[in-house]
$ cat work-v2.pdb   # PDB, C-alpha atoms
MODEL        1
ATOM      1  CA  MET S 697      84.087 175.100 144.004
ATOM      2  CA  PRO S 698      83.944 177.080 147.299
ATOM      3  CA  ILE S 699      85.232 180.615 146.835
ATOM      4  CA  ASN S 700      87.895 180.136 149.508
ATOM      5  CA  MET S 701      89.409 177.337 147.401
ATOM      6  CA  ILE S 702      89.618 179.300 144.132
ATOM      7  CA  THR S 703      93.153 180.302 143.164
ATOM      8  CA  ALA S 704      94.945 181.006 139.907
ATOM      9  CA  ASP S 705      97.225 177.977 140.275
ATOM     10  CA  SER S 706      94.459 175.420 139.696
ATOM     11  CA  ALA S 707      95.492 175.007 136.043
ATOM     12  CA  GLY S 708      99.204 174.636 136.752
ATOM     13  CA  THR S 709     102.151 176.766 135.694
ATOM     14  CA  TRP S 710     104.352 177.554 132.693
ATOM     15  CA  THR S 711     107.647 179.374 132.343
ATOM     16  CA  LEU S 712     108.315 182.510 130.341
ATOM     17  CA  GLY S 713     112.075 182.260 130.106
ATOM     18  CA  ASP S 714     113.117 182.026 133.747
ATOM     19  CA  LEU S 715     109.806 183.410 135.038
ATOM     20  CA  THR S 716     107.175 180.972 136.337
ATOM     21  CA  VAL S 717     103.550 182.039 135.937
ATOM     22  CA  ASN S 718     100.202 180.473 136.705
ATOM     23  CA  ARG S 719      98.411 179.527 133.499
ATOM     24  CA  ILE S 720      95.428 181.774 134.246
ATOM     25  CA  GLY S 721      96.460 185.399 134.278
ATOM     26  CA  PHE S 722      94.682 188.702 133.818
ATOM     27  CA  GLY S 723      94.258 190.974 130.811
ATOM     28  CA  ALA S 724      94.062 194.661 131.718
ATOM     29  CA  MET S 725      92.523 196.058 128.525
ATOM     30  CA  ARG S 726      88.921 196.003 129.727
ATOM     31  CA  LEU S 727      89.724 198.048 132.824
ATOM     32  CA  THR S 728      89.920 201.140 130.617
ATOM     33  CA  GLY S 729      86.451 200.724 129.114
ATOM     34  CA  ASN S 730      87.714 200.160 125.593
ATOM     35  CA  GLY S 731      84.764 201.747 123.842
ATOM     36  CA  SER S 732      82.259 201.206 126.643
ATOM     37  CA  ALA S 733      81.859 202.801 130.048
ATOM     38  CA  PRO S 734      85.020 202.061 132.080
ATOM     39  CA  SER S 735      84.799 200.384 135.455
ATOM     40  CA  ASP S 736      84.680 202.607 138.493
ATOM     41  CA  ARG S 737      88.278 203.485 139.286
ATOM     42  CA  ASP S 738      88.213 202.145 142.831
ATOM     43  CA  ARG S 739      86.573 198.937 141.651
ATOM     44  CA  ALA S 740      89.203 198.488 138.924
ATOM     45  CA  VAL S 741      91.982 198.912 141.487
ATOM     46  CA  GLY S 742      90.172 196.478 143.748
ATOM     47  CA  VAL S 743      89.868 193.871 141.000
ATOM     48  CA  LEU S 744      93.607 194.038 140.304
ATOM     49  CA  ARG S 745      94.450 193.641 143.978
ATOM     50  CA  ARG S 746      91.980 190.800 144.365
ATOM     51  CA  ALA S 747      93.433 189.051 141.323
ATOM     52  CA  VAL S 748      96.883 189.036 142.890
ATOM     53  CA  GLU S 749      95.446 187.901 146.236
ATOM     54  CA  LEU S 750      93.940 184.926 144.396
ATOM     55  CA  GLY S 751      97.282 183.960 142.894
ATOM     56  CA  VAL S 752      97.344 185.783 139.564
ATOM     57  CA  ASN S 753     101.009 186.470 138.806
ATOM     58  CA  HIS S 754     100.791 187.229 135.072
ATOM     59  CA  ILE S 755      99.189 190.496 133.960
ATOM     60  CA  ASP S 756      98.952 191.579 130.333
ATOM     61  CA  THR S 757      98.870 195.292 129.532
ATOM     62  CA  ALA S 758     100.083 198.001 127.130
ATOM     63  CA  ALA S 759     100.635 201.755 127.150
ATOM     64  CA  PHE S 760      98.024 202.051 124.389
ATOM     65  CA  TYR S 761      95.343 200.579 126.671
ATOM     66  CA  PHE S 762      93.738 203.826 127.706
ATOM     67  CA  SER S 763      90.483 205.746 127.482
ATOM     68  CA  PRO S 764      89.772 209.412 128.256
ATOM     69  CA  LEU S 765      89.464 208.492 131.944
ATOM     70  CA  ARG S 766      91.616 205.416 132.444
ATOM     71  CA  SER S 767      95.108 204.080 131.720
ATOM     72  CA  ALA S 768      95.641 200.363 132.296
ATOM     73  CA  ASN S 769      99.292 200.863 133.212
ATOM     74  CA  GLU S 770      98.484 203.641 135.650
ATOM     75  CA  LEU S 771      95.791 201.501 137.304
ATOM     76  CA  ILE S 772      98.256 198.620 137.652
ATOM     77  CA  ASN S 773     100.853 200.957 139.161
ATOM     78  CA  THR S 774      98.335 202.377 141.625
ATOM     79  CA  ALA S 775      96.963 198.992 142.618
ATOM     80  CA  LEU S 776     100.072 196.848 142.791
ATOM     81  CA  SER S 777     103.188 198.964 143.291
ATOM     82  CA  PRO S 778     105.512 198.136 144.973
ATOM     83  CA  TYR S 779     105.348 194.962 142.944
ATOM     84  CA  ALA S 780     105.740 191.468 144.354
ATOM     85  CA  ASP S 781     108.843 189.681 143.109
ATOM     86  CA  GLU S 782     106.784 186.863 141.607
ATOM     87  CA  LEU S 783     104.468 189.165 139.610
ATOM     88  CA  VAL S 784     105.150 189.099 135.857
ATOM     89  CA  ILE S 785     103.849 192.039 133.849
ATOM     90  CA  THR S 786     103.762 191.556 130.094
ATOM     91  CA  THR S 787     103.334 194.556 127.845
ATOM     92  CA  LYS S 788     103.457 195.131 124.117
ATOM     93  CA  VAL S 789     104.841 197.736 121.747
ATOM     94  CA  GLY S 790     104.482 198.537 118.078
ATOM     95  CA  PRO S 791     101.058 200.179 117.875
ATOM     96  CA  GLY S 792     100.521 203.631 119.300
ATOM     97  CA  ARG S 793      97.679 206.080 119.840
ATOM     98  CA  ASP S 794      97.661 209.855 119.952
ATOM     99  CA  PRO S 795      96.211 211.690 123.001
ATOM    100  CA  SER S 796      92.739 211.657 121.414
ATOM    101  CA  GLY S 797      92.894 207.873 121.111
ATOM    102  CA  GLU S 798      93.365 207.711 117.344
ATOM    103  CA  TRP S 799      95.633 204.926 116.122
ATOM    104  CA  LEU S 800      99.035 205.892 114.757
ATOM    105  CA  PRO S 801     101.065 204.027 112.139
ATOM    106  CA  LEU S 802     103.058 201.070 113.426
ATOM    107  CA  ALA S 803     106.191 202.305 115.178
ATOM    108  CA  ARG S 804     109.465 202.183 113.283
ATOM    109  CA  PRO S 805     112.290 200.173 114.895
ATOM    110  CA  ASP S 806     113.945 203.394 116.083
ATOM    111  CA  GLN S 807     110.705 204.442 117.830
ATOM    112  CA  LEU S 808     110.368 201.299 119.936
ATOM    113  CA  ARG S 809     112.719 202.509 122.664
ATOM    114  CA  GLY S 810     110.393 205.446 123.327
ATOM    115  CA  GLN S 811     107.440 203.086 123.649
ATOM    116  CA  VAL S 812     109.361 200.830 126.032
ATOM    117  CA  GLU S 813     110.363 203.833 128.141
ATOM    118  CA  GLU S 814     106.741 205.032 128.244
ATOM    119  CA  ASN S 815     105.643 201.648 129.620
ATOM    120  CA  LEU S 816     108.439 201.811 132.193
ATOM    121  CA  ARG S 817     107.349 205.295 133.264
ATOM    122  CA  GLN S 818     103.668 204.455 133.527
ATOM    123  CA  LEU S 819     104.255 201.215 135.413
ATOM    124  CA  GLY S 820     106.953 202.669 137.660
ATOM    125  CA  ARG S 821     109.444 199.949 136.747
ATOM    126  CA  ASP S 822     113.159 199.974 135.949
ATOM    127  CA  HIS S 823     112.729 197.040 133.549
ATOM    128  CA  LEU S 824     109.895 195.208 131.815
ATOM    129  CA  ASP S 825     109.459 191.471 132.437
ATOM    130  CA  VAL S 826     108.174 190.558 128.968
ATOM    131  CA  VAL S 827     107.663 192.787 125.940
ATOM    132  CA  ASN S 828     105.715 191.535 122.936
ATOM    133  CA  LEU S 829     106.351 193.052 119.542
ATOM    134  CA  ARG S 830     102.846 193.520 118.183
ATOM    135  CA  GLN S 831     103.107 193.661 114.419
ATOM    136  CA  HIS S 832     100.674 194.710 111.726
ATOM    137  CA  GLY S 833     101.407 194.446 108.039
ATOM    138  CA  LEU S 834     105.088 193.494 108.261
ATOM    139  CA  ASP S 835     106.470 190.824 105.984
ATOM    140  CA  SER S 836     109.518 190.530 108.216
ATOM    141  CA  VAL S 837     109.691 191.335 111.936
ATOM    142  CA  ALA S 838     113.482 190.933 112.089
ATOM    143  CA  GLU S 839     114.409 194.619 112.187
ATOM    144  CA  HIS S 840     111.793 195.533 114.790
ATOM    145  CA  PHE S 841     112.615 192.495 116.910
ATOM    146  CA  GLY S 842     116.303 193.323 116.645
ATOM    147  CA  ALA S 843     115.628 196.770 118.096
ATOM    148  CA  LEU S 844     113.903 195.157 121.075
ATOM    149  CA  ALA S 845     116.741 192.649 121.460
ATOM    150  CA  GLU S 846     119.137 195.596 121.835
ATOM    151  CA  LEU S 847     116.924 196.991 124.617
ATOM    152  CA  ARG S 848     116.949 193.577 126.263
ATOM    153  CA  ASP S 849     120.735 193.547 126.116
ATOM    154  CA  ALA S 850     120.706 197.027 127.676
ATOM    155  CA  GLY S 851     118.704 195.712 130.649
ATOM    156  CA  LEU S 852     115.393 197.457 129.919
ATOM    157  CA  ILE S 853     113.635 194.210 128.998
ATOM    158  CA  ARG S 854     114.002 190.720 130.466
ATOM    159  CA  HIS S 855     112.261 188.567 127.843
ATOM    160  CA  LEU S 856     110.743 189.040 124.381
ATOM    161  CA  GLY S 857     107.586 187.805 122.708
ATOM    162  CA  LEU S 858     105.452 188.361 119.623
ATOM    163  CA  SER S 859     101.842 189.389 119.068
ATOM    164  CA  ASN S 860      99.410 189.280 116.151
ATOM    165  CA  ILE S 861     101.870 187.380 113.983
ATOM    166  CA  ARG S 862     101.755 184.966 111.094
ATOM    167  CA  PRO S 863     103.566 181.645 111.584
ATOM    168  CA  HIS S 864     106.641 182.574 109.552
ATOM    169  CA  HIS S 865     107.324 185.529 111.848
ATOM    170  CA  LEU S 866     108.257 183.211 114.717
ATOM    171  CA  ALA S 867     111.314 181.793 112.936
ATOM    172  CA  GLN S 868     112.355 185.283 111.824
ATOM    173  CA  ALA S 869     112.332 186.500 115.426
ATOM    174  CA  GLN S 870     114.019 183.391 116.821
ATOM    175  CA  ALA S 871     116.914 183.982 114.448
ATOM    176  CA  VAL S 872     117.441 187.279 116.280
ATOM    177  CA  ALA S 873     116.720 186.436 119.938
ATOM    178  CA  PRO S 874     114.777 183.896 122.050
ATOM    179  CA  VAL S 875     110.970 184.165 121.945
ATOM    180  CA  VAL S 876     109.148 183.189 125.147
ATOM    181  CA  CYS S 877     105.550 183.719 124.024
ATOM    182  CA  VAL S 878     103.214 184.320 121.104
ATOM    183  CA  GLN S 879      99.997 186.253 121.616
ATOM    184  CA  ASN S 880      97.446 185.766 118.824
ATOM    185  CA  PRO S 881      93.652 185.693 118.472
ATOM    186  CA  TYR S 882      92.455 182.140 119.080
ATOM    187  CA  GLY S 883      89.463 180.410 120.615
ATOM    188  CA  VAL S 884      86.850 177.677 120.274
ATOM    189  CA  ASP S 885      85.474 179.273 117.131
ATOM    190  CA  THR S 886      88.092 181.908 116.411
ATOM    191  CA  ARG S 887      91.145 181.474 114.157
ATOM    192  CA  ARG S 888      91.135 177.692 114.355
ATOM    193  CA  VAL S 889      93.355 177.712 111.287
ATOM    194  CA  HIS S 890      96.080 178.391 113.865
ATOM    195  CA  ASP S 891      95.687 174.920 115.460
ATOM    196  CA  GLU S 892      98.910 173.660 113.888
ATOM    197  CA  PHE S 893     100.798 176.830 114.812
ATOM    198  CA  VAL S 894      99.626 176.462 118.406
ATOM    199  CA  ARG S 895     101.072 172.935 118.442
ATOM    200  CA  THR S 896     104.320 174.178 116.888
ATOM    201  CA  CYS S 897     104.728 176.740 119.658
ATOM    202  CA  GLY S 898     104.299 174.011 122.262
ATOM    203  CA  GLU S 899     106.877 171.797 120.591
ATOM    204  CA  GLN S 900     109.345 174.668 120.750
ATOM    205  CA  GLY S 901     108.588 175.540 124.375
ATOM    206  CA  VAL S 902     106.974 178.859 123.417
ATOM    207  CA  ALA S 903     103.897 179.908 125.397
ATOM    208  CA  PHE S 904     100.794 180.590 123.322
ATOM    209  CA  VAL S 905      98.634 183.323 124.852
ATOM    210  CA  PRO S 906      95.284 183.699 123.067
ATOM    211  CA  PHE S 907      93.359 186.935 123.098
ATOM    212  CA  PHE S 908      89.641 187.330 122.364
ATOM    213  CA  ALA S 909      89.292 183.695 123.504
ATOM    214  CA  ILE S 910      86.046 184.584 125.305
ATOM    215  CA  ALA S 911      84.668 187.353 123.092
ATOM    216  CA  GLY S 912      85.528 185.520 119.858
ATOM    217  CA  ASP S 913      85.120 187.578 116.728
ATOM    218  CA  GLY S 914      83.100 190.095 118.759
ATOM    219  CA  ARG S 915      86.507 191.318 119.911
ATOM    220  CA  GLU S 916      86.449 194.710 121.551
ATOM    221  CA  ALA S 917      82.654 194.679 121.887
ATOM    222  CA  GLY S 918      83.165 192.430 124.885
ATOM    223  CA  GLY S 919      80.788 189.801 126.225
ATOM    224  CA  VAL S 920      80.887 186.109 125.412
ATOM    225  CA  ALA S 921      80.640 184.810 121.862
ATOM    226  CA  THR S 922      77.567 182.694 121.121
ATOM    227  CA  ASN S 923      78.130 178.992 120.429
ATOM    228  CA  GLU S 924      75.503 176.261 120.866
ATOM    229  CA  ALA S 925      78.012 173.595 121.895
ATOM    230  CA  VAL S 926      79.617 175.902 124.464
ATOM    231  CA  HIS S 927      76.240 176.677 126.027
ATOM    232  CA  ALA S 928      75.274 172.991 126.166
ATOM    233  CA  ILE S 929      78.485 172.101 127.998
ATOM    234  CA  ALA S 930      78.070 175.052 130.355
ATOM    235  CA  ARG S 931      74.571 173.871 131.281
ATOM    236  CA  ALA S 932      75.808 170.327 131.867
ATOM    237  CA  HIS S 933      78.510 171.515 134.284
ATOM    238  CA  GLY S 934      76.495 174.313 135.892
ATOM    239  CA  VAL S 935      79.066 176.899 134.830
ATOM    240  CA  THR S 936      79.145 179.927 132.537
ATOM    241  CA  PRO S 937      79.967 179.866 128.813
ATOM    242  CA  ALA S 938      83.002 182.026 129.572
ATOM    243  CA  GLN S 939      84.310 179.365 131.941
ATOM    244  CA  VAL S 940      83.901 176.691 129.263
ATOM    245  CA  ARG S 941      85.843 178.824 126.795
ATOM    246  CA  ILE S 942      88.665 179.328 129.291
ATOM    247  CA  ALA S 943      88.743 175.599 130.097
ATOM    248  CA  TRP S 944      88.891 174.797 126.378
ATOM    249  CA  THR S 945      91.789 177.231 125.973
ATOM    250  CA  LEU S 946      93.737 175.526 128.746
ATOM    251  CA  SER S 947      92.969 172.089 127.288
ATOM    252  CA  ARG S 948      94.887 172.870 124.089
ATOM    253  CA  GLY S 949      98.235 172.232 125.745
ATOM    254  CA  PRO S 950     100.253 172.987 128.882
ATOM    255  CA  HIS S 951     101.832 175.970 127.101
ATOM    256  CA  LEU S 952      98.488 177.760 126.672
ATOM    257  CA  LEU S 953      98.106 180.747 128.994
ATOM    258  CA  ALA S 954      94.710 182.366 129.505
ATOM    259  CA  ILE S 955      94.466 186.119 130.136
ATOM    260  CA  PRO S 956      90.744 186.843 130.591
ATOM    261  CA  GLY S 957      90.078 190.436 131.539
ATOM    262  CA  THR S 958      87.248 191.953 133.533
ATOM    263  CA  GLY S 959      86.396 194.899 135.730
ATOM    264  CA  ASN S 960      83.842 192.811 137.627
ATOM    265  CA  PRO S 961      85.075 191.121 140.824
ATOM    266  CA  ASP S 962      82.512 188.309 140.503
ATOM    267  CA  HIS S 963      83.602 187.570 136.937
ATOM    268  CA  LEU S 964      87.219 187.538 138.114
ATOM    269  CA  VAL S 965      86.449 184.705 140.531
ATOM    270  CA  GLU S 966      84.496 182.816 137.850
ATOM    271  CA  ASN S 967      87.387 183.141 135.412
ATOM    272  CA  LEU S 968      89.875 181.780 137.910
ATOM    273  CA  ALA S 969      87.535 178.931 138.867
ATOM    274  CA  ALA S 970      87.604 177.812 135.219
ATOM    275  CA  GLY S 971      91.133 176.557 135.814
ATOM    276  CA  ALA S 972      89.673 173.616 137.735
ATOM    277  CA  LEU S 973      87.088 172.766 135.060
ATOM    278  CA  ARG S 974      88.017 169.658 133.095
ATOM    279  CA  LEU S 975      86.186 168.954 129.846
ATOM    280  CA  SER S 976      85.752 165.354 128.753
ATOM    281  CA  PRO S 977      87.148 164.071 125.451
ATOM    282  CA  GLU S 978      83.570 163.872 124.171
ATOM    283  CA  GLU S 979      82.892 167.486 125.104
ATOM    284  CA  LEU S 980      86.108 168.657 123.475
ATOM    285  CA  ALA S 981      85.211 166.705 120.343
ATOM    286  CA  SER S 982      81.766 168.309 120.237
ATOM    287  CA  LEU S 983      83.349 171.757 120.330
ATOM    288  CA  ASP S 984      85.596 170.849 117.406
ATOM    289  CA  GLN S 985      82.763 169.329 115.394
ATOM    290  CA  ARG S 986      80.521 172.375 115.700
ATOM    291  CA  ARG S 987      83.048 175.080 115.025
ATOM    292  CA  PRO S 988      82.495 177.066 111.815
ATOM    293  CA  ALA S 989      84.945 176.660 108.949
ATOM    294  CA  GLN S 990      87.612 179.347 108.668
ATOM    295  CA  ALA S 991      88.324 180.370 105.103
ATOM    296  CA  ALA S 992      91.309 182.650 105.534
ATOM    297  CA  PRO S 993      94.674 181.443 106.894
ATOM    298  CA  CYS S 994      95.261 184.598 108.884
ATOM    299  CA  HIS S 995      93.648 187.918 109.642
ATOM    300  CA  GLU S 996      95.519 190.578 111.490
ATOM    301  CA  SER S 997      93.876 192.607 114.185
ATOM    302  CA  THR S 998      94.726 196.262 114.415
ATOM    303  CA  THR S 999      94.122 196.600 118.141
ATOM    304  CA  LEU S1000      94.712 194.985 121.549
TER     305      LEU S1000
ENDMDL
END
$ encode --input "work-v2.pdb" --output "structure tokens"
Amino acid sequence: MPINMITADSAGTWTLGDLTVNRIGFGAMRLTGNGSAPSDRDRAVGVLRRAVELGVNHIDTAAFYFSPLRSANELINTALSPYADELVITTKVGPGRDPSGEWLPLARPDQLRGQVEENLRQLGRDHLDVVNLRQHGLDSVAEHFGALAELRDAGLIRHLGLSNIRPHHLAQAQAVAPVVCVQNPYGVDTRRVHDEFVRTCGEQGVAFVPFFAIAGDGREAGGVATNEAVHAIARAHGVTPAQVRIAWTLSRGPHLLAIPGTGNPDHLVENLAAGALRLSPEELASLDQRRPAQAAPCHESTTL
């Protein structure tokens, strides 16, 4: 596809509450380096601005996305403030890191307001469009989600979502307040035990936003997970394996939202171009047939 025809709306749109977003968005985590050398600051700012120019109107971030030299929220603020009305910024709370980058225990319900206010400060916003409660180790998310619902009622948050959850957490949260999205690890060969949960979210009108869909179980190491079937399809279409993985993500249902992240402007364009890639039923079947079996029903990730 010619570069002047590539835009983020090629895969269609979905609504997060009353907010309409293009199904291919942008994940900001990799802009900070996340264990590797961070992108040049000016290039990172340029990638964010270019993403919005190309129609990206859904950006995923968090206050705990930072490295010694970079803060994702601060980069977003620098690059995109004052924000366009149609831009939806999704952030998440629950985890926290100390100034040295070490992970802290999951925030208590009474600590969530401070985390929300820190995101507001860093982003330069008076409210947050969507806040995901990212849980780890909770049997019930009701108390934490209730604390966020109070902040929504106070006008600090517009919509609420969940991250890194087990299926039963969705009903617990919905009993407290509406849930507009679920953000869990999921991909061609990652957490396929969640297939049924992904369908359940769609039936309930809840967006499913996979993370590590490109990196797979490599997670924070970055790059593209190796898969023979993915590479064969990429060769057949003359595209990259990452583009095939994004196209597969979008094929799982109209409620699937992709948030590939990159600090590379060329990769940004490739990611967005994947929205126009359509995989045949035979290709989709080959990806399902060659995926490895998943033994465990769920495995929580401590980061993202």
$ resolve_selection --input "work-v2.pdb" --expression "the PyMOL selection byres ((chain S and resi 777-789) around 6)" --output "PyMOL selection string"
chain S and resi 753-758+773+776+790-791+825-830
$ resolve_selection --input "work-v2.pdb" --expression "the PyMOL selection byres ((chain S and resi 737) around 12)" --output "compact mmCIF listing (two decimals) with C-alpha atoms, in the frame of the given file"
# COMPACT_ATOMS: atom_id res chain seq x y z
CA LEU S 727 89.72 198.05 132.82
CA THR S 728 89.92 201.14 130.62
CA GLY S 729 86.45 200.72 129.11
CA ALA S 733 81.86 202.80 130.05
CA PRO S 734 85.02 202.06 132.08
CA SER S 735 84.80 200.38 135.46
CA ASP S 736 84.68 202.61 138.49
CA ASP S 738 88.21 202.14 142.83
CA ARG S 739 86.57 198.94 141.65
CA ALA S 740 89.20 198.49 138.92
CA VAL S 741 91.98 198.91 141.49
CA GLY S 742 90.17 196.48 143.75
CA VAL S 743 89.87 193.87 141.00
CA LEU S 744 93.61 194.04 140.30
CA LEU S 765 89.46 208.49 131.94
CA ARG S 766 91.62 205.42 132.44
CA SER S 767 95.11 204.08 131.72
CA ALA S 768 95.64 200.36 132.30
CA GLU S 770 98.48 203.64 135.65
CA LEU S 771 95.79 201.50 137.30
CA ILE S 772 98.26 198.62 137.65
CA THR S 774 98.34 202.38 141.62
CA ALA S 775 96.96 198.99 142.62
CA GLY S 959 86.40 194.90 135.73
CA ASN S 960 83.84 192.81 137.63
$ resolve_selection --input "work-v2.pdb" --expression "the PyMOL selection byres ((chain S and resi 800) around 12)" --output "PDB file with C-alpha atoms, in the coordinates of the input"
ATOM      1  CA  PHE S 760      98.024 202.051 124.389  1.00  0.00           C
ATOM      2  CA  GLY S 790     104.482 198.537 118.078  1.00  0.00           C
ATOM      3  CA  PRO S 791     101.058 200.179 117.875  1.00  0.00           C
ATOM      4  CA  GLY S 792     100.521 203.631 119.300  1.00  0.00           C
ATOM      5  CA  ARG S 793      97.679 206.080 119.840  1.00  0.00           C
ATOM      6  CA  ASP S 794      97.661 209.855 119.952  1.00  0.00           C
ATOM      7  CA  PRO S 795      96.211 211.690 123.001  1.00  0.00           C
ATOM      8  CA  SER S 796      92.739 211.657 121.414  1.00  0.00           C
ATOM      9  CA  GLY S 797      92.894 207.873 121.111  1.00  0.00           C
ATOM     10  CA  GLU S 798      93.365 207.711 117.344  1.00  0.00           C
ATOM     11  CA  TRP S 799      95.633 204.926 116.122  1.00  0.00           C
ATOM     12  CA  PRO S 801     101.065 204.027 112.139  1.00  0.00           C
ATOM     13  CA  LEU S 802     103.058 201.070 113.426  1.00  0.00           C
ATOM     14  CA  ALA S 803     106.191 202.305 115.178  1.00  0.00           C
ATOM     15  CA  ARG S 804     109.465 202.183 113.283  1.00  0.00           C
ATOM     16  CA  HIS S 832     100.674 194.710 111.726  1.00  0.00           C
ATOM     17  CA  THR S 998      94.726 196.262 114.415  1.00  0.00           C
ATOM     18  CA  THR S 999      94.122 196.600 118.141  1.00  0.00           C
TER      19      THR S 999
END
$ closest_residue --input "work-v2.pdb" --among "S:Leu808, S:Ser982, S:Val878, S:His823" --to "S:Gly898" --atoms "only C-alpha atoms"
S:Val878
$ residues_near_point --input "work-v2.pdb" --point "(114.1, 191.2, 124.2)" --cutoff "10 Å" --atoms "only C-alpha atoms" --output "number ranges by chain"
S: 824-829, 841-857, 872-876
$ atom_distance --input "work-v2.pdb" --atom1 "atom CA of S:Gln807" --atom2 "atom CA of S:His840"
9.5 Å
$ residues_around --input "work-v2.pdb" --residues "S:Ala969" --least-positions-apart "4" --cutoff "8 Å" --atoms "all atoms listed in the file" --output "PDB file with C-alpha atoms, in the frame of the given file"
ATOM      1  CA  MET S 697      84.087 175.100 144.004  1.00  0.00           C
ATOM      2  CA  ILE S 702      89.618 179.300 144.132  1.00  0.00           C
ATOM      3  CA  THR S 703      93.153 180.302 143.164  1.00  0.00           C
ATOM      4  CA  ALA S 704      94.945 181.006 139.907  1.00  0.00           C
ATOM      5  CA  SER S 706      94.459 175.420 139.696  1.00  0.00           C
ATOM      6  CA  GLN S 939      84.310 179.365 131.941  1.00  0.00           C
ATOM      7  CA  VAL S 965      86.449 184.705 140.531  1.00  0.00           C
ATOM      8  CA  LEU S 973      87.088 172.766 135.060  1.00  0.00           C
TER       9      LEU S 973
END
$ residues_around --input "work-v2.pdb" --residues "S:Gly934" --least-positions-apart "5" --cutoff "12 Å" --atoms "only C-alpha atoms" --output "PyMOL selection string"
chain S and resi 697+926-929+939-940+966+970+973
$ residues_around --input "work-v2.pdb" --residues "stretch 716-718 of chain S" --least-positions-apart "2" --cutoff "7 Å" --atoms "only C-alpha atoms" --output "list in words"
Ala704, Asp705, Gly708, Thr709, Trp710, Thr711, Leu712, Asp714, Ile720, Gly721, Val752, Asn753 and His754 of chain S
